[in-house]
There are 2 protein chains.
Amino acid sequence: MMAESPRRGVPEATVGRLPGYLRALTELSETGRDSVSSDELAEKTGVRGAQVRKDLSILGSYGVRGVGYDVTRLSDQIAAELGLSQVRPVVIVGIGNLGRALASYSGLATRGFRVVGLVDNDPAVIGSVVDGLVVRPVSALDTFTELPDPVAVGVIATPTAAAQEVADLLVRHGVRSILSFAPGVLRVPADVHVRAVDLATELQILAFHEHQRELADEGQDAG
Amino acid sequence: MMAESPRRGVPEATVGRLPGYLRALTELSETGRDSVSSDELAEKTGVRGAQVRKDLSILGSYGVRGVGYDVTRLSDQIAAELGLSQVRPVVIVGIGNLGRALASYSGLATRGFRVVGLVDNDPAVIGSVVDGLVVRPVSALDTFTELPDPVAVGVIATPTAAAQEVADLLVRHGVRSILSFAPGVLRVPADVHVRAVDLATELQILAFHEHQRELADEGQDAG
DNA sequence: ATATGTGAAGACGTTCACAGCA
DNA sequence: TGCTGTGAACGTCTTCACATAT
């Protein structure tokens, strides 16, 4: 009745920090370091040492007491946990400035992904070459989703008005992970994962804190 | 010694949802609706009704029992809470594809912000016009930070290697809110707020869940 | 001596369930 | 009757503190 594997269900909060650890470990590896302590890893990723240890212990990781963690081994383990042992193909829909920025972002290739498709519906853009790939019409989505290794992640970089339609299209083509840069909630089946990044939301959160400081300053001046 | 206002310290989780509520309310307002229930607002923002009510009660909001919330009034109240009663000036550093995408994103103007400065260090880019603004050299940052209404938020859209340097520069110019699109942790004084958006991190989190489904599928086939 | 791994405590966030009001 | 506002229950995440291992 119970699971027998060393760890069951990595907490979402931990999952959110794994990419940061992985990035720090990659940097350490490039500078030739082969061991790192939880406190140093914490310092490099902006969390506390105890948090790092808890996170890594959830993965069933083996550090060495009195020494630290083996950089290469831990790196491999986190990559495996994130499913990055295989390179994951990505398709970008909407090749405006944002789509272009994403297409040419080298951080993707170095961190487990490969952009295999660029799609747009603007005839003026279709056929142009961006970062070595020809932009294809939306109708060509099959090309990328019917491969033996089908596209895993769809990125929506279209105007807001088209986002839901594109999401529906991606879902119909079997894509189960979507990263959207459009504001608003996308309606998708329960087995599809969506992450949304919204610039205005981020700025508004910053504005809130800015505003709080203003209130605090006023309070001090006039209190 | 103690605050007397109706609410002290809005929880960070609530702050993170306020922009979503605001967006939904703006849409409702545009379609002429003047009242909305917590359940409807919840449905439009992807949270639960009880969550909406809890969040709004923290703001000291007045809904009407049996009826719902007044769209305009609630909208104004959330905008005020987020410090959006005044338009906040934004400067974007790094005018590549990403910087351009941000500069021409209409969602900023409609949601409380105004891009007042574009800055780059590439002579080939300096002097060009993007979305009605001339790109200025980094040395011109003073132009935007020494106004009577100084720049509130700096956006870092540079390559990774330049991000920390730009952050230092922004801080030196008095900017206390930074939105960074570069991977990695920026080192800033404690009174400066940083929010980081990293594409690769988002994709890796999606990859994790994709991977989990693969494991689940295998387990079902071979279990 | 040094740094991991982890139970226990504490802080934080969400959901329930219903009293209270229109 | 309908929907808000909220204490209380519940669940999740973080931090502490120290036993444990090298």
# chains A, B, ... in the order shown; residues from 1 in each chain; ligands from 1
>>> interface_residues(of="chain A", to="chain D", cutoff="12 Å", atoms="only C-alpha atoms (C1' of nucleotides)", output="list in words")
Pro11, Glu12, Ala13, Thr14, Val47, Arg48, Gly49, Ala50, Gln51, Val52, Arg53, Lys54, Asp55, Gly63, Val64, Arg65, Gly66, Val67 and Gly68 of chain A
>>> select_by_dssp(residues="range 70-126 of chain B", states="helix (DSSP H, G or I)", output="PyMOL selection string")
chain B and resi 71-81+97-103+106-109
>>> atom_distance(atom1="C1' of DG13 in chain C", atom2="CA of Gln164 in chain A")
29.5 Å
>>> interface_residues(of="chain C", to="chain B", cutoff="9 Å", atoms="only C-alpha atoms (C1' of nucleotides)", output="PyMOL selection string")
chain C and resi 12-16+21-22
>>> closest_atom_pairs(of="chain A", to="chain B", cutoff="7 Å", atoms="only C-alpha atoms", output="JSON lines")
{"residue": "A:Val15", "atom": "CA", "partner": "B:Ile205", "partner_atom": "CA", "distance": 6.6}
{"residue": "A:Gly16", "atom": "CA", "partner": "B:Ile205", "partner_atom": "CA", "distance": 6.4}
{"residue": "A:Pro19", "atom": "CA", "partner": "B:Thr201", "partner_atom": "CA", "distance": 5.5}
{"residue": "A:Thr45", "atom": "CA", "partner": "B:Val185", "partner_atom": "CA", "distance": 6.1}
{"residue": "A:Gly46", "atom": "CA", "partner": "B:Val185", "partner_atom": "CA", "distance": 6.5}
{"residue": "A:Glu81", "atom": "CA", "partner": "B:Phe208", "partner_atom": "CA", "distance": 6.8}
{"residue": "A:Leu82", "atom": "CA", "partner": "B:Phe208", "partner_atom": "CA", "distance": 4.2}
{"residue": "A:Gly83", "atom": "CA", "partner": "B:His211", "partner_atom": "CA", "distance": 5.0}
{"residue": "A:Asn97", "atom": "CA", "partner": "B:Ala101", "partner_atom": "CA", "distance": 4.9}
{"residue": "A:Leu98", "atom": "CA", "partner": "B:Ala101", "partner_atom": "CA", "distance": 5.1}
{"residue": "A:Arg100", "atom": "CA", "partner": "B:Asn97", "partner_atom": "CA", "distance": 6.4}
{"residue": "A:Ala101", "atom": "CA", "partner": "B:Asn97", "partner_atom": "CA", "distance": 4.9}
{"residue": "A:Gly107", "atom": "CA", "partner": "B:Ala200", "partner_atom": "CA", "distance": 6.7}
{"residue": "A:Leu108", "atom": "CA", "partner": "B:Ala200", "partner_atom": "CA", "distance": 5.9}
{"residue": "A:Arg111", "atom": "CA", "partner": "B:Ala200", "partner_atom": "CA", "distance": 6.7}
{"residue": "A:Ser177", "atom": "CA", "partner": "B:Leu206", "partner_atom": "CA", "distance": 6.1}
{"residue": "A:Val185", "atom": "CA", "partner": "B:Thr45", "partner_atom": "CA", "distance": 6.1}
{"residue": "A:Ala200", "atom": "CA", "partner": "B:Leu108", "partner_atom": "CA", "distance": 5.9}
{"residue": "A:Thr201", "atom": "CA", "partner": "B:Pro19", "partner_atom": "CA", "distance": 5.5}
{"residue": "A:Gln204", "atom": "CA", "partner": "B:Leu82", "partner_atom": "CA", "distance": 6.4}
{"residue": "A:Ile205", "atom": "CA", "partner": "B:Gly16", "partner_atom": "CA", "distance": 6.5}
{"residue": "A:Leu206", "atom": "CA", "partner": "B:Ser177", "partner_atom": "CA", "distance": 6.1}
{"residue": "A:Ala207", "atom": "CA", "partner": "B:Gly83", "partner_atom": "CA", "distance": 5.9}
{"residue": "A:Phe208", "atom": "CA", "partner": "B:Leu82", "partner_atom": "CA", "distance": 4.2}
{"residue": "A:His211", "atom": "CA", "partner": "B:Gly83", "partner_atom": "CA", "distance": 5.0}
>>> select_by_dssp(residues="range 77-116 of chain B", states="strand (DSSP E or B)", output="MDAnalysis selection string")
chainID B and resid 88:93 113:116
>>> atom_distance(atom1="CA of Val138 in chain A", atom2="CA of Pro89 in chain A")
17.1 Å
>>> atom_distance(atom1="CA of Ser29 in chain A", atom2="CA of Ser75 in chain A")
8.9 Å
